[in-house]
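> Below is the file upload03.txt, which contains compact mmCIF, C-alpha atoms and all ligand atoms.
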```
# COMPACT_ATOMS: atom_id res chain seq x y z
CA MET B 1 0.00 0.00 0.00
CA THR B 2 2.69 2.50 1.05
CA GLU B 3 4.38 1.75 -2.23
CA SER B 4 1.27 2.76 -4.21
CA VAL B 5 0.93 6.00 -2.24
CA VAL B 6 4.60 6.88 -2.65
CA ARG B 7 4.43 6.17 -6.35
CA ALA B 8 1.30 8.33 -6.57
CA LEU B 9 3.02 11.13 -4.64
CA TYR B 10 5.90 11.25 -7.05
CA GLY B 11 3.65 11.00 -10.07
CA LYS B 12 1.18 13.72 -8.98
CA ALA B 13 -1.45 11.09 -9.67
CA LYS B 14 -4.99 11.84 -10.68
CA SER B 15 -6.19 8.44 -9.61
CA LEU B 16 -5.15 6.07 -6.86
CA ASN B 17 -6.26 2.47 -6.56
CA LEU B 18 -5.88 1.03 -3.08
CA SER B 19 -8.56 -1.64 -3.49
CA SER B 20 -8.08 -5.05 -1.82
CA LYS B 21 -4.93 -4.02 0.09
CA LYS B 22 -6.07 -5.08 3.59
CA ILE B 23 -6.15 -1.43 4.73
CA ASN B 24 -7.64 -0.61 8.16
CA VAL B 25 -6.64 3.03 8.20
CA VAL B 26 -6.42 5.34 5.21
CA PRO B 27 -2.93 6.95 5.21
CA GLU B 28 -3.08 10.67 6.06
CA CYS B 29 -0.44 11.46 3.44
CA ILE B 30 -3.24 11.09 0.90
CA SER B 31 -3.89 14.78 1.59
CA ARG B 32 -0.65 15.46 -0.28
CA LEU B 33 -2.27 14.38 -3.54
CA PRO B 34 -4.39 17.47 -4.20
CA ASN B 35 -4.84 16.58 -7.87
CA LEU B 36 -6.52 13.28 -7.07
CA SER B 37 -9.82 12.89 -8.83
CA VAL B 38 -10.44 9.14 -8.41
CA LEU B 39 -9.77 7.27 -5.16
CA LEU B 40 -10.57 3.56 -4.99
CA LEU B 41 -10.53 2.02 -1.52
CA LYS B 42 -12.90 -0.90 -1.94
CA ASN B 43 -12.49 -4.39 -0.44
CA ASN B 44 -10.58 -3.32 2.67
CA SER B 45 -11.42 -3.06 6.40
CA ILE B 46 -11.74 0.70 6.70
CA SER B 47 -13.97 1.88 9.57
CA THR B 48 -13.13 5.61 9.62
CA LEU B 49 -11.69 8.19 7.27
CA PRO B 50 -8.99 10.74 8.15
CA ASN B 51 -10.09 14.40 8.16
CA GLU B 52 -7.15 15.11 5.82
CA LEU B 53 -9.35 13.80 3.04
CA LEU B 54 -10.98 17.22 2.89
CA TYR B 55 -7.88 18.58 1.16
CA LEU B 56 -8.79 16.56 -1.92
CA HIS B 57 -10.59 19.47 -3.56
CA HIS B 58 -10.72 17.78 -6.97
CA LEU B 59 -11.96 14.37 -5.88
CA VAL B 60 -14.74 13.31 -8.24
CA GLU B 61 -15.06 9.59 -7.52
CA LEU B 62 -14.67 7.80 -4.19
CA ASN B 63 -15.24 4.07 -3.83
CA LEU B 64 -15.47 2.76 -0.27
CA GLY B 65 -17.45 -0.36 -1.15
CA ASN B 66 -17.01 -3.50 0.94
CA ASN B 67 -15.41 -2.00 4.04
CA ALA B 68 -16.33 -1.74 7.72
CA LEU B 69 -17.93 1.71 7.94
CA LYS B 70 -20.74 1.95 10.50
CA GLU B 71 -21.75 5.47 9.55
CA LEU B 72 -21.16 7.98 6.80
CA PRO B 73 -17.89 9.69 7.84
CA ALA B 74 -18.43 13.43 8.49
CA VAL B 75 -15.49 14.38 6.27
CA LEU B 76 -17.48 13.25 3.21
CA GLY B 77 -19.70 16.28 3.72
CA HIS B 78 -16.75 18.51 2.77
CA LEU B 79 -15.96 16.81 -0.54
CA GLU B 80 -17.92 19.28 -2.60
CA SER B 81 -16.49 18.19 -5.95
CA LEU B 82 -17.57 14.56 -5.45
CA LYS B 83 -19.81 13.19 -8.21
CA LYS B 84 -19.69 9.45 -7.61
CA LEU B 85 -19.83 7.96 -4.14
CA TYR B 86 -19.90 4.18 -3.59
CA LEU B 87 -20.55 2.92 -0.07
CA PHE B 88 -22.03 -0.51 -0.79
CA SER B 89 -21.50 -3.50 1.52
CA ASN B 90 -20.59 -1.68 4.72
CA GLN B 91 -22.55 -1.68 8.01
CA ILE B 92 -24.01 1.79 7.71
CA THR B 93 -27.18 2.35 9.75
CA ALA B 94 -27.76 6.08 9.27
CA VAL B 95 -27.34 8.80 6.68
CA PRO B 96 -26.60 12.02 8.63
CA PRO B 97 -28.30 15.15 7.19
CA ASP B 98 -25.17 17.36 7.45
CA VAL B 99 -23.08 14.95 5.37
CA ILE B 100 -25.76 14.83 2.66
CA ASP B 101 -26.01 18.62 2.70
CA GLY B 102 -22.36 18.94 1.64
CA LEU B 103 -22.61 16.59 -1.33
CA GLN B 104 -24.55 18.82 -3.68
CA ASN B 105 -22.69 17.76 -6.83
CA LEU B 106 -23.31 14.04 -6.44
CA VAL B 107 -24.52 12.29 -9.56
CA VAL B 108 -24.24 8.68 -8.36
CA LEU B 109 -24.92 7.52 -4.79
CA ASN B 110 -24.65 3.81 -4.08
CA LEU B 111 -25.60 2.65 -0.57
CA ASN B 112 -26.45 -0.97 -1.45
CA HIS B 113 -26.17 -3.76 1.14
CA ASN B 114 -26.16 -1.73 4.36
CA HIS B 115 -28.61 -1.41 7.30
CA ILE B 116 -30.21 1.95 6.56
CA ARG B 117 -33.77 2.47 7.85
CA ARG B 118 -34.45 5.94 6.58
CA LEU B 119 -33.14 8.62 4.26
CA PRO B 120 -33.16 12.17 5.71
CA PRO B 121 -35.42 14.88 4.16
CA GLU B 122 -32.16 16.78 3.50
CA ILE B 123 -31.66 14.42 0.57
CA LYS B 124 -33.45 17.15 -1.35
CA SER B 125 -30.12 19.03 -1.65
CA LEU B 126 -28.83 16.38 -4.07
CA THR B 127 -30.47 18.08 -7.03
CA ARG B 128 -27.89 16.76 -9.52
CA LEU B 129 -28.28 13.14 -8.47
CA ARG B 130 -29.08 10.82 -11.39
CA HIS B 131 -28.59 7.35 -9.87
CA LEU B 132 -29.76 6.54 -6.35
CA SER B 133 -29.31 2.96 -5.20
CA VAL B 134 -30.23 1.73 -1.71
CA LEU B 135 -30.74 -1.92 -2.60
CA ASP B 136 -30.86 -4.49 0.23
CA ASN B 137 -31.24 -2.20 3.23
CA GLN B 138 -34.02 -1.78 5.83
CA LEU B 139 -35.76 1.32 4.51
CA GLU B 140 -39.17 1.74 6.15
CA GLU B 141 -40.10 4.93 4.36
CA VAL B 142 -38.97 7.23 1.58
CA PRO B 143 -39.12 10.98 2.35
CA ALA B 144 -41.49 13.11 0.24
CA GLU B 145 -38.47 15.36 -0.43
CA LEU B 146 -37.29 12.75 -2.94
CA GLY B 147 -39.56 14.68 -5.30
CA HIS B 148 -36.98 17.52 -5.34
CA LEU B 149 -34.45 15.26 -7.08
CA THR B 150 -35.70 16.03 -10.55
CA SER B 151 -32.49 14.85 -12.29
CA LEU B 152 -32.95 11.27 -11.11
CA THR B 153 -33.04 8.76 -13.95
CA GLU B 154 -32.60 5.56 -11.93
CA ILE B 155 -33.84 4.59 -8.48
CA ASN B 156 -33.19 1.23 -6.87
CA PHE B 157 -34.99 0.46 -3.59
CA THR B 158 -35.12 -3.32 -4.16
CA SER B 159 -35.21 -5.52 -1.02
CA ASN B 160 -36.25 -3.06 1.68
CA ASN B 161 -39.29 -2.82 3.99
CA LEU B 162 -41.22 -0.07 2.22
CA PRO B 163 -45.00 -0.21 2.81
CA SER B 164 -45.63 2.67 0.39
CA LEU B 165 -43.98 5.20 -1.91
CA PRO B 166 -44.58 8.97 -1.69
CA VAL B 167 -46.69 10.46 -4.48
CA GLN B 168 -43.95 13.12 -4.84
CA LEU B 169 -41.85 10.40 -6.51
CA TYR B 170 -43.79 11.24 -9.66
CA GLN B 171 -42.15 14.69 -9.72
CA CYS B 172 -38.94 12.92 -10.81
CA LYS B 173 -39.96 13.18 -14.42
CA GLU B 174 -36.60 12.08 -15.89
CA LEU B 175 -36.97 8.67 -14.26
CA THR B 176 -36.37 5.81 -16.72
CA LYS B 177 -35.77 2.93 -14.28
CA LEU B 178 -37.62 2.28 -11.02
CA HIS B 179 -36.72 -0.84 -9.04
CA VAL B 180 -38.87 -1.44 -5.96
CA ALA B 181 -39.03 -5.25 -6.00
CA ARG B 182 -39.23 -7.21 -2.75
CA ASN B 183 -40.77 -4.59 -0.48
CA LYS B 184 -44.18 -4.46 1.26
CA LEU B 185 -46.02 -2.23 -1.18
CA THR B 186 -49.80 -2.71 -1.20
CA SER B 187 -50.34 -0.08 -3.90
CA LEU B 188 -48.52 2.44 -6.05
CA PRO B 189 -49.65 6.08 -5.65
CA GLU B 190 -52.09 7.46 -8.24
CA GLY B 191 -50.65 9.77 -10.91
CA ILE B 192 -47.98 7.44 -12.31
CA LYS B 193 -48.60 8.58 -15.88
CA ALA B 194 -46.52 11.69 -15.01
CA LEU B 195 -43.44 9.44 -15.41
CA THR B 196 -43.48 9.82 -19.18
CA LYS B 197 -39.94 8.43 -19.60
CA LEU B 198 -40.28 5.33 -17.43
CA GLN B 199 -38.99 2.30 -19.34
CA VAL B 200 -38.20 -0.26 -16.66
CA LEU B 201 -40.41 -0.99 -13.66
CA ASP B 202 -39.75 -3.83 -11.25
CA VAL B 203 -42.43 -4.32 -8.58
CA ALA B 204 -42.04 -8.11 -8.21
CA GLY B 205 -42.44 -9.56 -4.73
CA ASN B 206 -44.79 -6.98 -3.19
CA LYS B 207 -48.46 -7.04 -2.13
CA LEU B 208 -49.99 -5.08 -4.99
CA SER B 209 -53.61 -5.83 -5.87
CA MET B 210 -53.67 -3.71 -9.05
CA PHE B 211 -51.80 -1.00 -10.92
CA PRO B 212 -52.79 2.69 -10.63
CA VAL B 213 -55.12 4.49 -13.04
CA GLU B 214 -53.79 4.95 -16.59
CA PHE B 215 -50.81 2.71 -15.87
CA ASP B 216 -51.10 1.37 -19.40
CA SER B 217 -50.16 4.77 -20.85
CA LEU B 218 -46.54 4.41 -19.64
CA PRO B 219 -43.88 3.77 -22.34
CA LEU B 220 -42.56 0.67 -20.51
CA LYS B 221 -40.07 -1.63 -22.18
CA GLU B 222 -39.65 -3.96 -19.22
CA LEU B 223 -42.15 -4.79 -16.48
CA TYR B 224 -41.57 -7.31 -13.68
CA HIS B 225 -44.59 -7.97 -11.49
CA GLU B 226 -44.61 -11.63 -10.40
CA ASP B 227 -45.31 -12.59 -6.76
CA ASN B 228 -47.91 -9.97 -5.89
CA ARG B 229 -51.54 -10.24 -4.79
CA PHE B 230 -53.20 -9.07 -7.97
CA VAL B 231 -56.98 -9.38 -8.28
CA ARG B 232 -57.92 -12.10 -10.74
CA CYS B 233 -60.55 -11.88 -13.40
CA GLU B 234 -63.30 -14.25 -12.24
CA PRO B 235 -66.47 -12.36 -13.13
CA MET B 236 -69.67 -12.95 -11.16
CA SER B 237 -72.88 -11.03 -11.33
CA SER B 238 -73.94 -8.77 -8.51
CA VAL B 239 -76.86 -6.46 -7.80
CA GLN B 240 -75.87 -2.85 -7.20
CA ASP B 241 -78.27 -0.41 -5.59
CA VAL B 242 -78.17 3.01 -7.15
CA GLU B 243 -76.51 5.33 -4.68
CA VAL B 244 -77.89 8.69 -3.50
CA LEU B 245 -75.26 11.38 -3.78
CA MET B 246 -74.75 13.93 -1.00
CA LEU B 247 -75.45 17.57 -1.76
CA LYS B 248 -71.73 18.47 -1.62
CA GLU B 249 -70.92 15.85 -4.26
CA LEU B 250 -73.81 16.95 -6.48
CA ALA B 251 -72.76 20.60 -6.26
CA ALA B 252 -69.10 19.71 -6.89
CA ARG B 253 -69.98 17.70 -10.00
CA PHE B 254 -72.05 20.58 -11.31
CA VAL B 255 -69.26 23.12 -10.69
CA LEU B 256 -66.58 20.84 -12.18
CA GLN B 257 -68.71 20.28 -15.26
CA GLN B 258 -69.43 24.00 -15.67
CA ASP B 259 -65.76 24.85 -15.11
CA ARG B 260 -64.83 22.93 -18.27
CA ASP B 261 -66.62 25.58 -20.31
CA MET B 262 -64.26 28.57 -20.50
CA SER B 263 -67.11 30.95 -21.21
CA SER B 264 -69.28 29.84 -18.27
CA LEU B 265 -69.95 32.12 -15.33
CA VAL B 266 -68.64 29.41 -12.96
CA HIS B 267 -65.30 29.21 -14.80
CA ARG B 268 -64.87 32.97 -14.63
CA MET B 269 -65.91 33.31 -10.98
CA LEU B 270 -63.95 30.38 -9.47
CA PRO B 271 -60.64 32.31 -9.10
CA TYR B 272 -62.42 34.72 -6.77
CA TYR B 273 -63.07 31.90 -4.27
CA PRO B 274 -59.52 30.52 -3.70
CA PRO B 275 -60.44 27.58 -1.42
CA LEU B 276 -62.77 26.18 -4.08
CA PRO B 277 -60.30 25.46 -6.91
CA GLU B 278 -58.05 23.84 -4.29
CA LEU B 279 -60.86 21.59 -3.11
CA LEU B 280 -61.98 20.75 -6.63
CA ALA B 281 -58.42 19.87 -7.67
CA ASN B 282 -58.91 16.57 -5.84
CA GLY B 283 -61.56 15.55 -8.33
CA SER B 284 -61.11 13.12 -11.17
CA CYS B 285 -63.16 11.90 -14.08
CA CYS B 286 -65.14 8.80 -14.92
CA ALA B 287 -63.29 6.22 -17.06
CA LEU B 288 -66.53 5.59 -19.00
CA CYS B 289 -68.54 8.80 -19.45
CA LEU B 290 -65.56 11.12 -18.74
CA ASN B 291 -67.77 13.29 -16.50
CA PRO B 292 -66.13 14.75 -13.38
CA PHE B 293 -66.64 13.68 -9.76
CA LEU B 294 -65.16 14.83 -6.47
CA THR B 295 -65.15 12.28 -3.62
CA THR B 296 -67.71 9.64 -4.53
CA TRP B 297 -66.72 7.06 -7.08
CA LEU B 298 -66.72 3.36 -7.79
CA GLU B 299 -63.34 1.71 -7.67
CA CYS B 300 -63.14 -0.69 -10.58
CA VAL B 301 -60.53 -2.70 -12.35
CA HIS B 302 -59.93 -3.57 -15.96
CA PHE B 303 -57.53 -6.12 -17.35
CA VAL B 304 -55.16 -4.60 -19.81
CA SER B 305 -52.85 -6.49 -22.11
CA VAL B 306 -49.32 -5.22 -21.94
CA ASN B 307 -47.77 -3.75 -25.07
CA LYS B 308 -46.30 -6.57 -27.17
CA GLU B 309 -42.93 -4.81 -27.22
CA THR B 310 -42.70 -4.88 -23.41
CA LYS B 311 -40.41 -7.48 -21.87
CA ILE B 312 -42.32 -9.18 -19.10
CA ARG B 313 -41.74 -12.31 -17.01
CA SER B 314 -45.29 -13.41 -16.21
CA SER B 315 -48.85 -12.91 -17.50
CA LYS B 316 -49.47 -10.51 -20.35
CA THR B 317 -52.65 -9.02 -18.86
CA ILE B 318 -52.44 -6.86 -15.78
CA PRO B 319 -55.18 -5.41 -13.54
CA VAL B 320 -55.33 -1.61 -13.75
CA ARG B 321 -57.47 0.54 -11.46
CA ALA B 322 -60.22 2.70 -12.95
CA PHE B 323 -62.78 5.02 -11.37
CA LEU B 324 -66.40 5.22 -12.50
CA CYS B 325 -68.70 8.08 -11.52
CA SER B 326 -71.79 6.01 -10.70
CA TYR B 327 -73.61 2.69 -10.82
CA LYS B 328 -75.52 4.19 -13.71
CA CYS B 329 -72.29 4.08 -15.73
CA PHE B 330 -71.28 0.74 -14.21
CA ASN B 331 -74.60 -0.83 -15.22
CA THR B 332 -74.40 0.21 -18.86
CA GLU B 333 -73.47 -2.60 -21.20
CA GLY B 334 -70.49 -3.07 -23.45
CA HIS B 335 -67.63 -2.08 -21.13
CA SER B 336 -65.00 -4.21 -19.40
CA TYR B 337 -64.73 -2.54 -15.98
CA TYR B 338 -65.29 -4.82 -13.01
CA SER B 339 -65.94 -3.86 -9.43
CA VAL B 340 -63.75 -5.72 -6.98
CA ALA B 341 -65.29 -8.34 -4.70
CA LYS B 342 -64.03 -8.12 -1.14
CA LYS B 343 -63.19 -11.51 0.31
ZN ZN E 401 -69.58 7.96 -15.62
```
What does the file become when written as structure tokens?


Amino acid sequence: MTESVVRALYGKAKSLNLSSKKINVVPECISRLPNLSVLLLKNNSISTLPNELLYLHHLVELNLGNNALKELPAVLGHLESLKKLYLFSNQITAVPPDVIDGLQNLVVLNLNHNHIRRLPPEIKSLTRLRHLSVLDNQLEEVPAELGHLTSLTEINFTSNNLPSLPVQLYQCKELTKLHVARNKLTSLPEGIKALTKLQVLDVAGNKLSMFPVEFDSLPLKELYHEDNRFVRCEPMSSVQDVEVLMLKELAARFVLQQDRDMSSLVHRMLPYYPPLPELLANGSCCALCLNPFLTTWLECVHFVSVNKETKIRSSKTIPVRAFLCSYKCFNTEGHSYYSVAKK
């Protein structure tokens, strides 16, 4: 090891590879390599980093994979030029906010195979991050602030304990790959069609019963969805009583309908009653008649065949959620929306 460092010192090296050298302690003289842009320290037994590392003002890539770190060393928060940081296969349990705050130029962050339970909201400072990988950890939640990371193209949360994903995830509009296999997801948030660049989705090994509304409009090239709890298509007839809508719902439907007409009085007056547009923004529209509704709807499912071009491991038809405005629509003939029988 000393030999490599000495050689690097003389050569004013830009990169230094100290991987698999049985290192416990990173030599402090590394600070005398101010031109270093790549530092590889993987496959060692490193448990701390010397503060001298902060003199590496040009360090772009740091690989600390497969070491003995129990936490993210504080000195990392001062490596402002860092773009790629690999910390896989350590024993890290926490990601301290102040370290994350200092890593604003990160493009790749790999935290695979650690024991992390949560990511701090401060993750929102990583606005240049493109690849975030936290595979095989113990994540129990994902902060809503993930939605600030609008440069993200790949997310990997495979093999964690996530019961849900934040709807803000759909603000990451550059996302092309989303891996959330082997978690505890019971549903994906509504609004997924905002991910107009999503090409690979892996949700295998969760507890999903169906996909969110308009899922079939995504430009997916690969979809992995085996080992879930999807509703099956076993139609049976049922008698549905026509529901009586509450006054609030009736009024909301009327206003929403009127609001579609730019020349209507309602459309022109709504901006003068600020709480109203906010309330009405929660509305949606019927998959059949396309009329609007606010809070009363029928949750239905239809079975959609996946685009022939899409690579897929199991069945070619998938259950996709749909909302209908009323039993009146549901009872019309010639559609393929089913209500879901509760067991
Ligand atoms: Zn309808």

> Please find the residues contacting ligand ZN 401 (chain E) at a distance of at most 9 Å between atoms, with all atoms listed in the file counted, and report them as a ChimeraX atom specification.

/B:285-293,323-330

> Interatomic distance between CA of Pro96 in chain B and CA of Val38 in chain B?

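If I compute the distance from CA of Pro96 in chain B to CA of Val38 in chain B, I get 23.7 Å.
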
> Can you pull out the residues contacting Arg313 in chain B? Cut-off 10 Å, using only C-alpha atoms, and skip same-chain residues under 2 positions away; I want them as a PyMOL selection string.

chain B and resi 204+222-226+310-311+315-316

> Could the residues in this selection be saved with C-alpha atoms as an mmCIF file, in the coordinates of the input?


```cif
data_model
loop_
_atom_site.group_PDB
_atom_site.id
_atom_site.type_symbol
_atom_site.label_atom_id
_atom_site.label_comp_id
_atom_site.auth_asym_id
_atom_site.auth_seq_id
_atom_site.Cartn_x
_atom_site.Cartn_y
_atom_site.Cartn_z
ATOM 1 C CA ALA B 204 -42.040 -8.110 -8.210
ATOM 2 C CA GLU B 222 -39.650 -3.960 -19.220
ATOM 3 C CA LEU B 223 -42.150 -4.790 -16.480
ATOM 4 C CA TYR B 224 -41.570 -7.310 -13.680
ATOM 5 C CA HIS B 225 -44.590 -7.970 -11.490
ATOM 6 C CA GLU B 226 -44.610 -11.630 -10.400
ATOM 7 C CA THR B 310 -42.700 -4.880 -23.410
ATOM 8 C CA LYS B 311 -40.410 -7.480 -21.870
ATOM 9 C CA SER B 315 -48.850 -12.910 -17.500
ATOM 10 C CA LYS B 316 -49.470 -10.510 -20.350
#
```

> Between B:Ser15, B:Ser164, B:Asn43, B:Asn24, which has the minimum distance to Val60 in chain B (counting all atoms listed in the file)?

B:Ser15

> Kindly indicate which residue among B:Asn17, B:Lys197, B:Gly205, B:His131 lies nearest to Thr158 in chain B, using all atoms listed in the file for the distances.

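Selected residue with least distance to Thr158 in chain B: B:Gly205.
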
> Pick out the closest residue to Arg130 in chain B from this set: B:Glu299, B:Glu174, B:Asp261, B:Asp241. Count all atoms listed in the file.

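So, comparing all the options, the nearest one is B:Glu174.
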
> Kindly provide the residues of range 5-87 of chain B that approach range 100-124 of chain B to within 12 Å, each paired with its closest atom pair and their distance in Å to one decimal, based on only C-alpha atoms, listed by chain and increasing number, as JSON lines.


```
{"residue": "B:Leu54", "atom": "CA", "partner": "B:Gly102", "partner_atom": "CA", "distance": 11.6}
{"residue": "B:His58", "atom": "CA", "partner": "B:Asn105", "partner_atom": "CA", "distance": 12.0}
{"residue": "B:Leu59", "atom": "CA", "partner": "B:Asn105", "partner_atom": "CA", "distance": 11.3}
{"residue": "B:Val60", "atom": "CA", "partner": "B:Leu106", "partner_atom": "CA", "distance": 8.8}
{"residue": "B:Glu61", "atom": "CA", "partner": "B:Val108", "partner_atom": "CA", "distance": 9.3}
{"residue": "B:Leu62", "atom": "CA", "partner": "B:Leu109", "partner_atom": "CA", "distance": 10.3}
{"residue": "B:Asn63", "atom": "CA", "partner": "B:Asn110", "partner_atom": "CA", "distance": 9.4}
{"residue": "B:Leu64", "atom": "CA", "partner": "B:Asn110", "partner_atom": "CA", "distance": 10.0}
{"residue": "B:Gly65", "atom": "CA", "partner": "B:Leu111", "partner_atom": "CA", "distance": 8.7}
{"residue": "B:Asn66", "atom": "CA", "partner": "B:His113", "partner_atom": "CA", "distance": 9.2}
{"residue": "B:Asn67", "atom": "CA", "partner": "B:Asn114", "partner_atom": "CA", "distance": 10.8}
{"residue": "B:Ala68", "atom": "CA", "partner": "B:Asn114", "partner_atom": "CA", "distance": 10.4}
{"residue": "B:Leu69", "atom": "CA", "partner": "B:Asn114", "partner_atom": "CA", "distance": 9.6}
{"residue": "B:Lys70", "atom": "CA", "partner": "B:Asn114", "partner_atom": "CA", "distance": 9.0}
{"residue": "B:Glu71", "atom": "CA", "partner": "B:Ile116", "partner_atom": "CA", "distance": 9.6}
{"residue": "B:Leu72", "atom": "CA", "partner": "B:Ile100", "partner_atom": "CA", "distance": 9.2}
{"residue": "B:Pro73", "atom": "CA", "partner": "B:Ile100", "partner_atom": "CA", "distance": 10.7}
{"residue": "B:Ala74", "atom": "CA", "partner": "B:Ile100", "partner_atom": "CA", "distance": 9.5}
{"residue": "B:Val75", "atom": "CA", "partner": "B:Gly102", "partner_atom": "CA", "distance": 9.5}
{"residue": "B:Leu76", "atom": "CA", "partner": "B:Leu103", "partner_atom": "CA", "distance": 7.6}
{"residue": "B:Gly77", "atom": "CA", "partner": "B:Gly102", "partner_atom": "CA", "distance": 4.3}
{"residue": "B:His78", "atom": "CA", "partner": "B:Gly102", "partner_atom": "CA", "distance": 5.7}
{"residue": "B:Leu79", "atom": "CA", "partner": "B:Leu103", "partner_atom": "CA", "distance": 6.7}
{"residue": "B:Glu80", "atom": "CA", "partner": "B:Leu103", "partner_atom": "CA", "distance": 5.6}
{"residue": "B:Ser81", "atom": "CA", "partner": "B:Asn105", "partner_atom": "CA", "distance": 6.3}
{"residue": "B:Leu82", "atom": "CA", "partner": "B:Leu106", "partner_atom": "CA", "distance": 5.8}
{"residue": "B:Lys83", "atom": "CA", "partner": "B:Leu106", "partner_atom": "CA", "distance": 4.0}
{"residue": "B:Lys84", "atom": "CA", "partner": "B:Val108", "partner_atom": "CA", "distance": 4.7}
{"residue": "B:Leu85", "atom": "CA", "partner": "B:Leu109", "partner_atom": "CA", "distance": 5.2}
{"residue": "B:Tyr86", "atom": "CA", "partner": "B:Asn110", "partner_atom": "CA", "distance": 4.8}
{"residue": "B:Leu87", "atom": "CA", "partner": "B:Leu111", "partner_atom": "CA", "distance": 5.1}
```

> Give me, as a list in words, all polymer residues having an atom no more than 9 Å from His148 in chain B, counting only C-alpha atoms and skipping those fewer than 6 positions away in the same chain.

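Contacts, in chain order: Ile123, Lys124, Ser125, Leu126, Thr127, Gln168, Leu169, Gln171 and Cys172 of chain B.
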
> In terms of the shortest atom-to-atom distance over only C-alpha atoms, which of B:Leu294, B:Ile192, B:Asn156, B:Leu198 is closest to His179 in chain B?

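Among B:Leu294, B:Ile192, B:Asn156, B:Leu198, it is B:Asn156 that comes nearest to His179 in chain B.
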
> Nearest to Asn161 in chain B among B:Pro97, B:Leu149, B:Glu234, B:Val180, with distances taken over only C-alpha atoms: which residue is it?

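Between B:Pro97, B:Leu149, B:Glu234, B:Val180, the residue approaching Asn161 in chain B most closely is B:Val180.
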
> Measure the distance from CA of Arg321 in chain B to CA of Cys233 in chain B in Å and round it to one decimal.

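Computing the Euclidean distance for CA of Arg321 in chain B and CA of Cys233 in chain B yields 12.9 Å.
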
> Please list as a ChimeraX atom specification every residue within 8 Å of Lys177 in chain B, counting only C-alpha atoms and excluding residues in the same chain fewer than 6 positions away.

/B:153-155,198-201

> If I only have part of range 34-47 of chain B, can you fill in N, CA and C atoms and write it as a PDB file, in the frame of the given file?


```
ATOM      1  N   PRO B  34      -3.249  16.568  -3.975  1.00  0.00           N
ATOM      2  CA  PRO B  34      -4.390  17.470  -4.200  1.00  0.00           C
ATOM      3  C   PRO B  34      -5.010  17.360  -5.588  1.00  0.00           C
ATOM      4  N   ASN B  35      -4.277  16.713  -6.517  1.00  0.00           N
ATOM      5  CA  ASN B  35      -4.840  16.580  -7.870  1.00  0.00           C
ATOM      6  C   ASN B  35      -5.718  15.353  -8.036  1.00  0.00           C
ATOM      7  N   LEU B  36      -5.792  14.539  -6.979  1.00  0.00           N
ATOM      8  CA  LEU B  36      -6.520  13.280  -7.070  1.00  0.00           C
ATOM      9  C   LEU B  36      -7.985  13.492  -7.457  1.00  0.00           C
ATOM     10  N   SER B  37      -8.399  12.794  -8.507  1.00  0.00           N
ATOM     11  CA  SER B  37      -9.820  12.890  -8.830  1.00  0.00           C
ATOM     12  C   SER B  37     -10.550  11.562  -8.621  1.00  0.00           C
ATOM     13  N   VAL B  38      -9.808  10.444  -8.658  1.00  0.00           N
ATOM     14  CA  VAL B  38     -10.440   9.140  -8.410  1.00  0.00           C
ATOM     15  C   VAL B  38      -9.674   8.416  -7.302  1.00  0.00           C
ATOM     16  N   LEU B  39     -10.392   8.010  -6.258  1.00  0.00           N
ATOM     17  CA  LEU B  39      -9.770   7.270  -5.160  1.00  0.00           C
ATOM     18  C   LEU B  39     -10.568   5.997  -4.899  1.00  0.00           C
ATOM     19  N   LEU B  40      -9.897   4.845  -5.160  1.00  0.00           N
ATOM     20  CA  LEU B  40     -10.570   3.560  -4.990  1.00  0.00           C
ATOM     21  C   LEU B  40     -10.035   2.858  -3.749  1.00  0.00           C
ATOM     22  N   LEU B  41     -10.931   2.627  -2.790  1.00  0.00           N
ATOM     23  CA  LEU B  41     -10.530   2.020  -1.520  1.00  0.00           C
ATOM     24  C   LEU B  41     -11.364   0.784  -1.210  1.00  0.00           C
ATOM     25  N   LYS B  42     -11.951   0.185  -2.237  1.00  0.00           N
ATOM     26  CA  LYS B  42     -12.900  -0.900  -1.940  1.00  0.00           C
ATOM     27  C   LYS B  42     -12.193  -2.198  -1.542  1.00  0.00           C
ATOM     28  N   ASN B  43     -12.981  -3.086  -0.924  1.00  0.00           N
ATOM     29  CA  ASN B  43     -12.490  -4.390  -0.440  1.00  0.00           C
ATOM     30  C   ASN B  43     -11.327  -4.239   0.556  1.00  0.00           C
ATOM     31  N   ASN B  44     -11.546  -3.450   1.592  1.00  0.00           N
ATOM     32  CA  ASN B  44     -10.580  -3.320   2.670  1.00  0.00           C
ATOM     33  C   ASN B  44     -11.315  -3.458   3.998  1.00  0.00           C
ATOM     34  N   SER B  45     -10.739  -2.982   5.097  1.00  0.00           N
ATOM     35  CA  SER B  45     -11.420  -3.060   6.400  1.00  0.00           C
ATOM     36  C   SER B  45     -11.503  -1.689   7.036  1.00  0.00           C
ATOM     37  N   ILE B  46     -11.736  -0.683   6.231  1.00  0.00           N
ATOM     38  CA  ILE B  46     -11.740   0.700   6.700  1.00  0.00           C
ATOM     39  C   ILE B  46     -12.992   0.988   7.530  1.00  0.00           C
ATOM     40  N   SER B  47     -12.796   1.558   8.744  1.00  0.00           N
ATOM     41  CA  SER B  47     -13.970   1.880   9.570  1.00  0.00           C
ATOM     42  C   SER B  47     -14.097   3.388   9.806  1.00  0.00           C
TER      43      SER B  47
END
```
